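> One structure follows; several queries about it will come next.
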Amino acid sequence: MPTERDVIQYIIVPPFEQRDKVIASKERLEHYLDNRFPGNSFKVARFAPIGDDLEFCVLPVMNFVGDDGNSYMCKEPKRWFMTDIAQACREFDQGLRSVAV
């Protein structure tokens with residue numbers, strides 16, 4: 001019997017040109033996002049074959065394994081929430097830039 005669940009895991013892919021800088025601070029970014037969006041978890045990935053070279057790409061992990069051992073799809077996250085996550089990533093990145101200057 002499938003159970004509906006909200007997405008609680010996200011993969012963050014940084015813009016290509018910022019990749020090395022963001023990966024160098026990936027633990028801090030993951031912790032920042034975990035605190036900013038309680039109840040969710042985030043993993044920063046170096047590369048994904050989708051996304052935008054200029055913007056952070058937020059990828060929801062849409063499946064989960066039910067109590068019966070079968071795989072099910074989560075409810076699609078709200079677009080505004082995904083936009084908020086991407087904005088938080090940009091704000092974190094801006095903080096890194098101001099420290100580096």
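A note on labels: chains of the structure tokens are A, B, ... as shown, every chain counts residues from 1, and ligands are counted from 1 in their shown order.
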List every residue of chain A that DSSP, applied to the backbone of this structure, places in strand (DSSP E or B), and write the result as number ranges by chain.
A: 6, 9-13, 41-44, 57-60, 63-65, 71-73, 75
> Running DSSP on the backbone, which parts of chain A land in alpha helix (DSSP H), as number ranges by chain?
A: 19-24, 26-36, 79-100
> Take the residues just selected and output them with C-alpha atoms as a short mmCIF file (atom, residue, chain, number, x, y, z; two decimals), in the first residue's frame.

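Result file follows (selection18.cif):
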```cif
data_model
loop_
_atom_site.label_atom_id
_atom_site.label_comp_id
_atom_site.auth_asym_id
_atom_site.auth_seq_id
_atom_site.Cartn_x
_atom_site.Cartn_y
_atom_site.Cartn_z
CA ARG A 19 31.84 24.34 -9.09
CA ASP A 20 35.32 24.13 -7.51
CA LYS A 21 34.68 26.97 -5.06
CA VAL A 22 31.32 25.56 -3.97
CA ILE A 23 32.67 21.99 -3.68
CA ALA A 24 35.48 23.31 -1.46
CA LYS A 26 30.24 21.81 0.35
CA GLU A 27 29.91 20.72 4.00
CA ARG A 28 29.23 24.31 5.05
CA LEU A 29 26.64 24.76 2.28
CA GLU A 30 24.90 21.49 3.18
CA HIS A 31 24.80 22.49 6.86
CA TYR A 32 23.55 25.99 5.94
CA LEU A 33 20.71 24.53 3.85
CA ASP A 34 19.85 21.90 6.50
CA ASN A 35 19.45 24.71 9.06
CA ARG A 36 17.59 27.03 6.69
CA ARG A 79 7.97 25.29 -7.40
CA TRP A 80 8.26 28.20 -4.94
CA PHE A 81 10.10 25.94 -2.48
CA MET A 82 12.61 24.88 -5.12
CA THR A 83 13.10 28.56 -6.02
CA ASP A 84 13.69 29.38 -2.33
CA ILE A 85 16.38 26.68 -2.12
CA ALA A 86 18.14 28.01 -5.24
CA GLN A 87 17.97 31.55 -3.83
CA ALA A 88 19.49 30.35 -0.55
CA CYS A 89 22.34 28.77 -2.54
CA ARG A 90 22.94 32.06 -4.36
CA GLU A 91 22.95 33.95 -1.06
CA PHE A 92 25.47 31.49 0.38
CA ASP A 93 27.62 31.89 -2.74
CA GLN A 94 27.49 35.68 -2.41
CA GLY A 95 28.76 35.28 1.15
CA LEU A 96 31.71 33.27 -0.16
CA ARG A 97 32.48 35.96 -2.72
CA SER A 98 32.50 38.74 -0.14
CA VAL A 99 34.89 36.77 2.07
CA ALA A 100 37.21 36.10 -0.88
#
```
> Compile the contact shell of Val7 (chain A) as a count of residues only: residues with an atom at most 12 Å away, counting only C-alpha atoms, same-chain residues fewer than 6 positions apart removed.
19
> Work out how far CA of Leu54 (chain A) is from CA of Phe16 (chain A), in Å to one decimal.
7.0 Å
> Fewer than 6 positions away in the same chain doesn't count, so skip those; otherwise give me all residues within 8 Å of Lys43 (chain A), counting only C-alpha atoms, as a PyMOL selection string.
chain A and resi 10-12+30
> Next, write the just-selected residues to a file, as a compact mmCIF listing (two decimals), in the first residue's frame, keeping N, CA and C atoms as the atom set.

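File part05.txt, as written:
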```
# COMPACT_ATOMS: atom_id res chain seq x y z
N TYR A 10 17.34 16.60 -1.31
CA TYR A 10 17.63 17.37 -2.52
C TYR A 10 19.11 17.28 -2.85
N ILE A 11 19.40 17.27 -4.13
CA ILE A 11 20.78 17.33 -4.62
C ILE A 11 20.97 18.72 -5.21
N ILE A 12 22.05 19.38 -4.83
CA ILE A 12 22.35 20.73 -5.31
C ILE A 12 23.56 20.63 -6.24
N GLU A 30 25.89 22.49 2.78
CA GLU A 30 24.90 21.49 3.18
C GLU A 30 24.35 21.80 4.58
```
